[in-house]
>>> print(open('input15.pdb').read())   # PDB, C-alpha atoms and all ligand atoms
ATOM      1  CA  MET W   1       5.598  21.414  -7.113
ATOM      2  CA  THR W   2       2.583  20.834  -4.862
ATOM      3  CA  VAL W   3       1.932  21.707  -1.206
ATOM      4  CA  HIS W   4       3.738  18.639   0.175
ATOM      5  CA  LEU W   5       5.945  17.584  -2.754
ATOM      6  CA  GLU W   6       8.829  19.679  -4.049
ATOM      7  CA  ALA W   7       9.469  17.605  -7.199
ATOM      8  CA  ALA W   8       9.447  19.522 -10.466
ATOM      9  CA  PRO W   9       6.768  18.515 -12.982
ATOM     10  CA  GLY W  10       8.151  15.545 -14.883
ATOM     11  CA  ASP W  11      10.403  14.481 -11.990
ATOM     12  CA  VAL W  12       7.857  11.872 -10.903
ATOM     13  CA  ALA W  13       7.183   8.845 -13.124
ATOM     14  CA  PRO W  14       3.610   7.833 -14.044
ATOM     15  CA  VAL W  15       4.133   4.602 -12.046
ATOM     16  CA  VAL W  16       4.673   5.190  -8.324
ATOM     17  CA  LEU W  17       5.317   2.711  -5.504
ATOM     18  CA  LEU W  18       3.908   3.889  -2.172
ATOM     19  CA  PRO W  19       5.445   2.659   1.093
ATOM     20  CA  GLY W  20       4.267   4.344   4.286
ATOM     21  CA  ASP W  21       7.752   4.591   5.737
ATOM     22  CA  PRO W  22      10.242   7.108   4.237
ATOM     23  CA  LEU W  23      13.180   4.815   5.014
ATOM     24  CA  ARG W  24      11.505   2.060   3.029
ATOM     25  CA  ALA W  25      11.300   4.470   0.074
ATOM     26  CA  GLN W  26      15.030   5.119   0.446
ATOM     27  CA  PHE W  27      15.695   1.359   0.699
ATOM     28  CA  VAL W  28      13.742   0.692  -2.525
ATOM     29  CA  ALA W  29      15.588   3.490  -4.319
ATOM     30  CA  GLU W  30      19.036   2.377  -3.150
ATOM     31  CA  GLN W  31      18.596  -1.395  -3.480
ATOM     32  CA  PHE W  32      16.224  -1.814  -6.416
ATOM     33  CA  LEU W  33      16.240   1.248  -8.697
ATOM     34  CA  THR W  34      18.945   2.253 -11.182
ATOM     35  CA  ASP W  35      20.118   5.902 -11.246
ATOM     36  CA  ALA W  36      17.650   6.921  -8.526
ATOM     37  CA  THR W  37      17.455  10.587  -7.567
ATOM     38  CA  CYS W  38      15.585  12.013  -4.594
ATOM     39  CA  HIS W  39      12.610  14.139  -5.736
ATOM     40  CA  ASN W  40      11.146  14.923  -2.312
ATOM     41  CA  ARG W  41      12.404  15.702   1.192
ATOM     42  CA  VAL W  42       9.516  17.909   2.376
ATOM     43  CA  ARG W  43       8.474  16.772   5.900
ATOM     44  CA  GLY W  44      10.924  13.899   5.546
ATOM     45  CA  ALA W  45       8.461  12.133   3.214
ATOM     46  CA  LEU W  46      11.248  10.849   0.991
ATOM     47  CA  GLY W  47      10.494  10.262  -2.679
ATOM     48  CA  TYR W  48      12.778   8.983  -5.443
ATOM     49  CA  THR W  49      12.644   8.348  -9.165
ATOM     50  CA  GLY W  50      14.840   5.865 -10.974
ATOM     51  CA  ARG W  51      14.608   3.035 -13.460
ATOM     52  CA  VAL W  52      13.727  -0.643 -13.500
ATOM     53  CA  GLY W  53      15.396  -1.835 -16.681
ATOM     54  CA  ALA W  54      14.266   0.700 -19.273
ATOM     55  CA  HIS W  55      11.206   1.802 -17.293
ATOM     56  CA  ARG W  56      11.005   4.940 -15.130
ATOM     57  CA  VAL W  57       9.507   4.197 -11.724
ATOM     58  CA  SER W  58       9.045   6.430  -8.678
ATOM     59  CA  VAL W  59       8.720   5.556  -5.027
ATOM     60  CA  GLN W  60       7.036   8.051  -2.691
ATOM     61  CA  SER W  61       6.442   7.554   1.041
ATOM     62  CA  THR W  62       2.938   8.419   2.265
ATOM     63  CA  GLY W  63       3.136   8.335   6.069
ATOM     64  CA  MET W  64       0.636   6.320   8.089
ATOM     65  CA  GLY W  65      -3.151   6.400   7.899
ATOM     66  CA  MET W  66      -5.692   7.516   5.329
ATOM     67  CA  PRO W  67      -5.426  11.306   5.784
ATOM     68  CA  SER W  68      -1.652  11.312   5.257
ATOM     69  CA  CYS W  69      -1.817   8.805   2.410
ATOM     70  CA  ALA W  70      -4.620  10.770   0.729
ATOM     71  CA  ILE W  71      -2.534  13.949   0.704
ATOM     72  CA  TYR W  72       0.331  12.307  -1.191
ATOM     73  CA  VAL W  73      -1.945  10.316  -3.491
ATOM     74  CA  HIS W  74      -3.986  13.417  -4.340
ATOM     75  CA  GLU W  75      -0.868  15.447  -5.131
ATOM     76  CA  LEU W  76       0.663  12.631  -7.201
ATOM     77  CA  LEU W  77      -2.567  12.303  -9.222
ATOM     78  CA  ALA W  78      -3.546  15.960  -9.583
ATOM     79  CA  GLY W  79      -0.108  17.567  -9.568
ATOM     80  CA  TYR W  80       2.095  15.038 -11.321
ATOM     81  CA  GLY W  81      -0.303  12.990 -13.462
ATOM     82  CA  ALA W  82       0.425   9.646 -11.775
ATOM     83  CA  LYS W  83      -1.334   6.806 -13.601
ATOM     84  CA  VAL W  84      -0.413   3.674 -11.624
ATOM     85  CA  LEU W  85      -0.122   3.665  -7.825
ATOM     86  CA  ILE W  86       1.127   0.542  -6.058
ATOM     87  CA  ARG W  87       1.090   0.608  -2.275
ATOM     88  CA  ILE W  88       3.729  -1.596  -0.630
ATOM     89  CA  GLY W  89       2.926  -1.916   3.049
ATOM     90  CA  THR W  90       2.320  -4.179   5.993
ATOM     91  CA  CYS W  91      -0.869  -5.554   7.486
ATOM     92  CA  GLY W  92      -2.117  -7.447  10.515
ATOM     93  CA  ALA W  93      -3.709 -10.806   9.620
ATOM     94  CA  ILE W  94      -7.173 -11.570  11.002
ATOM     95  CA  GLN W  95      -7.630 -15.028   9.414
ATOM     96  CA  PRO W  96      -6.061 -18.123  11.022
ATOM     97  CA  ASP W  97      -4.673 -19.528   7.772
ATOM     98  CA  LEU W  98      -2.517 -16.473   7.048
ATOM     99  CA  GLU W  99       1.107 -16.670   8.211
ATOM    100  CA  LEU W 100       3.639 -13.989   9.061
ATOM    101  CA  GLY W 101       5.401 -12.966   5.848
ATOM    102  CA  ASP W 102       2.492 -13.902   3.572
ATOM    103  CA  VAL W 103       1.692 -11.440   0.793
ATOM    104  CA  VAL W 104      -1.868 -10.124   0.511
ATOM    105  CA  LEU W 105      -3.227  -8.460  -2.642
ATOM    106  CA  ALA W 106      -6.037  -6.190  -1.481
ATOM    107  CA  MET W 107      -8.993  -6.764  -3.800
ATOM    108  CA  SER W 108     -11.177  -4.339  -1.874
ATOM    109  CA  ALA W 109     -10.895  -2.211   1.245
ATOM    110  CA  SER W 110     -13.696  -1.847   3.768
ATOM    111  CA  THR W 111     -13.116   0.858   6.334
ATOM    112  CA  ASP W 112     -14.114   1.978   9.834
ATOM    113  CA  SER W 113     -13.166   5.528   8.882
ATOM    114  CA  ALA W 114     -15.681   8.271   8.063
ATOM    115  CA  MET W 115     -13.395   9.667   5.378
ATOM    116  CA  ILE W 116     -14.978   7.910   2.392
ATOM    117  CA  ARG W 117     -18.517   8.489   3.704
ATOM    118  CA  HIS W 118     -17.850  12.225   3.810
ATOM    119  CA  ARG W 119     -16.980  12.061   0.153
ATOM    120  CA  PHE W 120     -20.223  10.230  -0.646
ATOM    121  CA  ALA W 121     -22.640  12.275   1.456
ATOM    122  CA  GLY W 122     -23.123   9.520   4.058
ATOM    123  CA  MET W 123     -23.442   6.655   1.566
ATOM    124  CA  ASP W 124     -21.103   3.653   1.363
ATOM    125  CA  TYR W 125     -18.682   3.457  -1.556
ATOM    126  CA  ALA W 126     -16.743   0.199  -2.120
ATOM    127  CA  PRO W 127     -13.039   0.992  -2.652
ATOM    128  CA  THR W 128     -11.760  -1.584  -5.140
ATOM    129  CA  ALA W 129      -8.407  -2.471  -6.671
ATOM    130  CA  SER W 130      -7.669  -2.145 -10.363
ATOM    131  CA  PHE W 131      -8.596  -5.540 -11.795
ATOM    132  CA  ASP W 132      -5.799  -5.238 -14.347
ATOM    133  CA  LEU W 133      -3.129  -4.699 -11.653
ATOM    134  CA  LEU W 134      -4.664  -7.317  -9.374
ATOM    135  CA  ARG W 135      -4.696  -9.987 -12.084
ATOM    136  CA  ARG W 136      -1.144  -9.177 -13.168
ATOM    137  CA  ALA W 137       0.166  -9.271  -9.585
ATOM    138  CA  ALA W 138      -1.642 -12.554  -8.845
ATOM    139  CA  ASP W 139      -0.151 -14.076 -12.009
ATOM    140  CA  LEU W 140       3.344 -12.761 -11.193
ATOM    141  CA  GLY W 141       3.147 -14.201  -7.680
ATOM    142  CA  ALA W 142       1.614 -17.533  -8.646
ATOM    143  CA  GLY W 143       5.001 -19.284  -8.778
ATOM    144  CA  LEU W 144       6.148 -18.184  -5.328
ATOM    145  CA  PRO W 145       6.459 -20.829  -2.554
ATOM    146  CA  ARG W 146       3.476 -19.149  -0.873
ATOM    147  CA  PRO W 147       1.570 -17.362  -3.638
ATOM    148  CA  PRO W 148      -0.097 -14.071  -2.672
ATOM    149  CA  ARG W 149      -3.543 -14.290  -1.087
ATOM    150  CA  VAL W 150      -6.116 -12.216  -2.941
ATOM    151  CA  GLY W 151      -9.023 -10.828  -0.954
ATOM    152  CA  PRO W 152     -10.597  -7.987   1.011
ATOM    153  CA  VAL W 153      -8.785  -5.963   3.654
ATOM    154  CA  LEU W 154      -9.914  -3.519   6.339
ATOM    155  CA  THR W 155      -8.497  -0.017   6.238
ATOM    156  CA  SER W 156      -8.713   1.097   9.851
ATOM    157  CA  ASP W 157      -8.191   4.438  11.579
ATOM    158  CA  THR W 158      -6.999   2.575  14.655
ATOM    159  CA  PHE W 159      -3.774   0.663  15.212
ATOM    160  CA  TYR W 160      -4.184   0.227  18.984
ATOM    161  CA  ALA W 161      -7.821  -0.830  19.402
ATOM    162  CA  ARG W 162      -9.535  -0.583  22.807
ATOM    163  CA  ASP W 163     -11.850  -3.490  22.073
ATOM    164  CA  ASP W 164      -9.986  -6.836  21.835
ATOM    165  CA  ASP W 165     -12.703  -8.322  19.627
ATOM    166  CA  TRP W 166     -12.741  -5.534  17.011
ATOM    167  CA  TRP W 167     -11.520  -7.873  14.252
ATOM    168  CA  LYS W 168     -14.235 -10.535  14.619
ATOM    169  CA  ARG W 169     -16.993  -8.899  12.566
ATOM    170  CA  TRP W 170     -14.555  -8.321   9.721
ATOM    171  CA  ALA W 171     -13.027 -11.803   9.868
ATOM    172  CA  ALA W 172     -16.535 -13.303   9.872
ATOM    173  CA  HIS W 173     -17.089 -11.595   6.508
ATOM    174  CA  GLY W 174     -13.904 -12.920   4.924
ATOM    175  CA  VAL W 175     -11.655  -9.909   5.439
ATOM    176  CA  LEU W 176      -8.046 -11.112   5.434
ATOM    177  CA  ALA W 177      -6.123  -8.386   7.221
ATOM    178  CA  ALA W 178      -6.103  -4.853   8.603
ATOM    179  CA  GLU W 179      -3.980  -1.927   7.480
ATOM    180  CA  MET W 180      -4.485   1.833   7.393
ATOM    181  CA  GLU W 181      -4.279   3.349   3.885
ATOM    182  CA  THR W 182      -5.801   1.311   1.059
ATOM    183  CA  ALA W 183      -9.417   2.597   1.100
ATOM    184  CA  ALA W 184      -8.170   6.147   0.524
ATOM    185  CA  LEU W 185      -5.765   5.062  -2.213
ATOM    186  CA  TYR W 186      -8.417   3.120  -4.150
ATOM    187  CA  THR W 187     -11.032   5.859  -3.844
ATOM    188  CA  LEU W 188      -8.797   8.688  -5.030
ATOM    189  CA  ALA W 189      -7.264   6.628  -7.829
ATOM    190  CA  ALA W 190     -10.718   5.623  -9.095
ATOM    191  CA  HIS W 191     -11.838   9.247  -9.168
ATOM    192  CA  ALA W 192      -8.771  10.197 -11.209
ATOM    193  CA  GLY W 193      -9.150   7.264 -13.631
ATOM    194  CA  ALA W 194      -5.825   5.850 -12.417
ATOM    195  CA  ARG W 195      -5.014   2.241 -11.539
ATOM    196  CA  ALA W 196      -4.169   1.282  -7.950
ATOM    197  CA  LEU W 197      -3.261  -1.846  -6.018
ATOM    198  CA  SER W 198      -2.104  -2.502  -2.450
ATOM    199  CA  ILE W 199       0.459  -5.255  -1.981
ATOM    200  CA  LEU W 200       0.836  -6.031   1.727
ATOM    201  CA  THR W 201       3.010  -8.363   3.771
ATOM    202  CA  VAL W 202       1.674  -9.784   7.003
ATOM    203  CA  SER W 203       3.797  -8.201   9.738
ATOM    204  CA  ASP W 204       1.687  -9.329  12.666
ATOM    205  CA  HIS W 205      -1.121 -11.690  13.512
ATOM    206  CA  VAL W 206      -3.997 -10.113  15.383
ATOM    207  CA  LEU W 207      -5.397 -13.495  16.554
ATOM    208  CA  THR W 208      -2.163 -14.789  18.096
ATOM    209  CA  GLY W 209      -0.227 -11.589  18.802
ATOM    210  CA  ALA W 210       2.707 -12.978  16.785
ATOM    211  CA  HIS W 211       4.798 -10.419  14.938
ATOM    212  CA  THR W 212       7.800 -10.477  12.662
ATOM    213  CA  THR W 213      11.296  -9.514  13.760
ATOM    214  CA  ALA W 214      12.926  -6.516  12.081
ATOM    215  CA  ASP W 215      14.999  -8.936  10.005
ATOM    216  CA  GLU W 216      11.952 -10.927   8.876
ATOM    217  CA  ARG W 217      10.149  -7.677   8.029
ATOM    218  CA  GLN W 218      13.077  -6.613   5.861
ATOM    219  CA  ARG W 219      13.109  -9.929   3.963
ATOM    220  CA  GLY W 220       9.329  -9.920   3.558
ATOM    221  CA  PHE W 221       9.511  -6.340   2.370
ATOM    222  CA  ALA W 222      12.172  -7.206  -0.232
ATOM    223  CA  GLN W 223      10.001 -10.031  -1.617
ATOM    224  CA  MET W 224       7.052  -7.656  -1.895
ATOM    225  CA  VAL W 225       9.173  -4.974  -3.596
ATOM    226  CA  GLU W 226      10.326  -7.503  -6.192
ATOM    227  CA  LEU W 227       6.702  -8.357  -6.976
ATOM    228  CA  ALA W 228       5.709  -4.682  -7.081
ATOM    229  CA  LEU W 229       8.609  -3.773  -9.388
ATOM    230  CA  ALA W 230       7.876  -6.701 -11.721
ATOM    231  CA  LEU W 231       4.317  -5.361 -11.905
ATOM    232  CA  ALA W 232       5.568  -1.776 -12.376
ATOM    233  CA  ALA W 233       7.815  -2.899 -15.253
ATOM    234  CA  GLN W 234       4.823  -4.538 -16.981
ATOM    235  CA  VAL W 235       2.648  -1.429 -16.885
ATOM    236  CA  ALA W 236       5.239   1.395 -17.139
TER
HETATM  237  N1  LIG E   1      -3.637  -2.929  12.194
HETATM  238  C1  LIG E   1      -3.567  -1.877  11.389
HETATM  239  N2  LIG E   1      -2.539  -1.654  10.584
HETATM  240  C2  LIG E   1      -1.539  -2.539  10.581
HETATM  241  C3  LIG E   1      -1.558  -3.648  11.402
HETATM  242  C4  LIG E   1      -2.673  -3.853  12.232
HETATM  243  O1  LIG E   1      -2.763  -4.838  12.979
HETATM  244  N3  LIG E   1      -0.399  -4.331  11.187
HETATM  245  C5  LIG E   1       0.297  -3.655  10.251
HETATM  246  N4  LIG E   1      -0.396  -2.563   9.888
END
>>> encode(input="input15.pdb", output="structure tokens")
Amino acid sequence: MTVHLEAAPGDVAPVVLLPGDPLRAQFVAEQFLTDATCHNRVRGALGYTGRVGAHRVSVQSTGMGMPSCAIYVHELLAGYGAKVLIRIGTCGAIQPDLELGDVVLAMSASTDSAMIRHRFAGMDYAPTASFDLLRRAADLGAGLPRPPRVGPVLTSDTFYARDDDWWKRWAAHGVLAAEMETAALYTLAAHAGARALSILTVSDHVLTGAHTTADERQRGFAQMVELALALAAQVA
């Protein structure tokens, strides 16, 4: 038991999927895991542990944004000995050749947040995915009709930006999409010697304003969960 997780030691598997949304955690547990039990209800941040085939896998919601995500990731690493953390989330595309529903594997995560700088006394750390997880996920997704795009993302503190052009400097440097958690996940996992990867579906397009319907989001989410669970089964 940690400050924000009521699971008993051993109730959480070493491989944990991390959606932001608690209802997505419940959906994964109910639709994709065998014999899932709920290990956390504190603050409504639902968490479950079940099986994929013979492998134990957990799914723990993190809430939105780096501070919330960092709390759950820290407690999973330090309190429960998590070894593999796979974020399953959404992102806003900032490159014209990305389409709604595309899957992005976040190779690295730049950030406009001060959170990582605080940790590094004002210097810039480069939050990076586990190469092992990234390569496995890219290989697993290679046969899909639209294979995952592998590249850098922006982890932002802001969802509703005041400046309409905020994305341009990032897009000009090859950043694929914006989301709000990955830089914290990669930094904390690296410090703990754990492996981490963010798998993201494009839920909206910042350049065009297009966004997915709830139904499209659900289908895109299911495709991403299947990829994440295939990866989890390989490394569990
Ligand atoms: N910005 C930040 N986070 C997001 C976005 C976005 O446009 N879309 C989905 N998550």
>>> residues_near_point(input="input15.pdb", point="(8.5, 3.8, -12.8)", cutoff="10 Å", atoms="only C-alpha atoms", output="PyMOL selection string")
chain W and resi 12-17+33+48-59+84-85+229+232-233+235-236
>>> closest_residue(input="input15.pdb", among="W:Val206, W:Val104, W:Ala171, W:Leu5", to="Leu77 (chain W)", atoms="only C-alpha atoms")
W:Leu5
>>> residues_around(input="input15.pdb", residues="Leu176 (chain W)", least_positions_apart="3", cutoff="9 Å", atoms="all atoms listed in the file", output="list in words")
Gly92, Ala93, Ile94, Gln95, Leu98, Val104, Ala106, Arg149, Val150, Gly151, Pro152, Val153, Leu154, Trp170 and Ala171 of chain W
>>> write_last_selection(input="input15.pdb", atoms="C-alpha atoms", output="CSV table (one decimal), in the frame of the given file")
chain,number,residue,atom,x,y,z
W,92,GLY,CA,-2.1,-7.4,10.5
W,93,ALA,CA,-3.7,-10.8,9.6
W,94,ILE,CA,-7.2,-11.6,11.0
W,95,GLN,CA,-7.6,-15.0,9.4
W,98,LEU,CA,-2.5,-16.5,7.0
W,104,VAL,CA,-1.9,-10.1,0.5
W,106,ALA,CA,-6.0,-6.2,-1.5
W,149,ARG,CA,-3.5,-14.3,-1.1
W,150,VAL,CA,-6.1,-12.2,-2.9
W,151,GLY,CA,-9.0,-10.8,-1.0
W,152,PRO,CA,-10.6,-8.0,1.0
W,153,VAL,CA,-8.8,-6.0,3.7
W,154,LEU,CA,-9.9,-3.5,6.3
W,170,TRP,CA,-14.6,-8.3,9.7
W,171,ALA,CA,-13.0,-11.8,9.9
>>> resolve_selection(input="input15.pdb", expression="the PyMOL selection byres (((chain W and resi 18) around 6) and not hetatm)", output="JSON, numbers by chain")
{"W": [17, 19, 59, 60, 61, 86, 87, 88]}
>>> closest_atom_pairs(input="input15.pdb", of="chain W", to="ligand LIG 1 (chain E)", cutoff="12 Å", atoms="all atoms listed in the file", output="CSV")
residue,atom,partner,partner_atom,distance
W:Pro19,CA,E:LIG1,N4,11.8
W:Gly20,CA,E:LIG1,N4,10.0
W:Asp21,CA,E:LIG1,N4,11.6
W:Met64,CA,E:LIG1,N2,8.9
W:Gly65,CA,E:LIG1,N2,8.5
W:Met66,CA,E:LIG1,N2,11.0
W:Ile88,CA,E:LIG1,N4,11.3
W:Gly89,CA,E:LIG1,N4,7.6
W:Thr90,CA,E:LIG1,C5,4.7
W:Cys91,CA,E:LIG1,C5,3.6
W:Gly92,CA,E:LIG1,N3,3.6
W:Ala93,CA,E:LIG1,O1,6.9
W:Ile94,CA,E:LIG1,O1,8.3
W:Gln95,CA,E:LIG1,O1,11.8
W:Leu100,CA,E:LIG1,N3,10.7
W:Gly101,CA,E:LIG1,C5,11.5
W:Val104,CA,E:LIG1,C5,11.9
W:Thr111,CA,E:LIG1,C1,11.1
W:Asp112,CA,E:LIG1,C1,11.3
W:Val153,CA,E:LIG1,C1,10.2
W:Leu154,CA,E:LIG1,C1,8.3
W:Thr155,CA,E:LIG1,C1,7.4
W:Ser156,CA,E:LIG1,C1,6.1
W:Asp157,CA,E:LIG1,C1,7.8
W:Thr158,CA,E:LIG1,C1,6.5
W:Phe159,CA,E:LIG1,C1,4.6
W:Tyr160,CA,E:LIG1,N1,7.5
W:Ala161,CA,E:LIG1,N1,8.6
W:Asp164,CA,E:LIG1,O1,11.6
W:Trp166,CA,E:LIG1,N1,10.6
W:Trp167,CA,E:LIG1,O1,9.4
W:Leu176,CA,E:LIG1,O1,11.1
W:Ala177,CA,E:LIG1,O1,7.6
W:Ala178,CA,E:LIG1,N1,4.8
W:Glu179,CA,E:LIG1,N2,3.4
W:Met180,CA,E:LIG1,N2,5.1
W:Glu181,CA,E:LIG1,N2,8.5
W:Thr182,CA,E:LIG1,N2,10.5
W:Leu200,CA,E:LIG1,C5,8.9
W:Thr201,CA,E:LIG1,C5,8.5
W:Val202,CA,E:LIG1,C5,7.1
W:Ser203,CA,E:LIG1,C5,5.8
W:Asp204,CA,E:LIG1,N3,5.6
W:His205,CA,E:LIG1,O1,7.1
W:Val206,CA,E:LIG1,O1,5.9
W:Leu207,CA,E:LIG1,O1,9.7
W:Thr208,CA,E:LIG1,O1,11.2
W:Gly209,CA,E:LIG1,O1,9.3
W:Ala210,CA,E:LIG1,O1,10.5
W:His211,CA,E:LIG1,N3,8.8
W:Thr212,CA,E:LIG1,N3,10.4
W:Arg217,CA,E:LIG1,C5,10.9
>>> closest_residue(input="input15.pdb", among="W:Ala126, W:Ala7, W:Ala121, W:Val73", to="Ala183 (chain W)", atoms="all atoms listed in the file")
W:Ala126
>>> closest_residue(input="input15.pdb", among="W:Val28, W:Ala138, W:Ala8, W:Met1", to="Phe221 (chain W)", atoms="all atoms listed in the file")
W:Val28
>>> atom_distance(input="input15.pdb", atom1="CA of Pro9 (chain W)", atom2="CA of Phe32 (chain W)")
23.4 Å
>>> closest_residue(input="input15.pdb", among="W:Met107, W:Leu188, W:Ala36, W:Leu23", to="Ile71 (chain W)", atoms="only C-alpha atoms")
W:Leu188
>>> closest_residue(input="input15.pdb", among="W:Thr213, W:Thr187, W:Asn40, W:Gln223", to="Ser130 (chain W)", atoms="only C-alpha atoms")
W:Thr187
>>> atom_distance(input="input15.pdb", atom1="CA of Arg43 (chain W)", atom2="CA of Gln26 (chain W)")
14.4 Å
>>> closest_residue(input="input15.pdb", among="W:Ala189, W:Ala214, W:Leu227, W:Leu46", to="Leu144 (chain W)", atoms="all atoms listed in the file")
W:Leu227
>>> atom_distance(input="input15.pdb", atom1="CA of Ala114 (chain W)", atom2="CA of Ala190 (chain W)")
18.1 Å
>>> resolve_selection(input="input15.pdb", expression="the PyMOL selection byres (((chain W and resi 128) around 6) and not hetatm)", output="PyMOL selection string")
chain W and resi 108+127+129+186
>>> axis_aligned_box(input="input15.pdb", around="region 117-133 of chain W", padding_each_side="8 Å", output="AutoDock Vina command-line options")
--center_x -13.3 --center_y 3.4 --center_z -5.1 --size_x 36.3 --size_y 33.8 --size_z 34.4
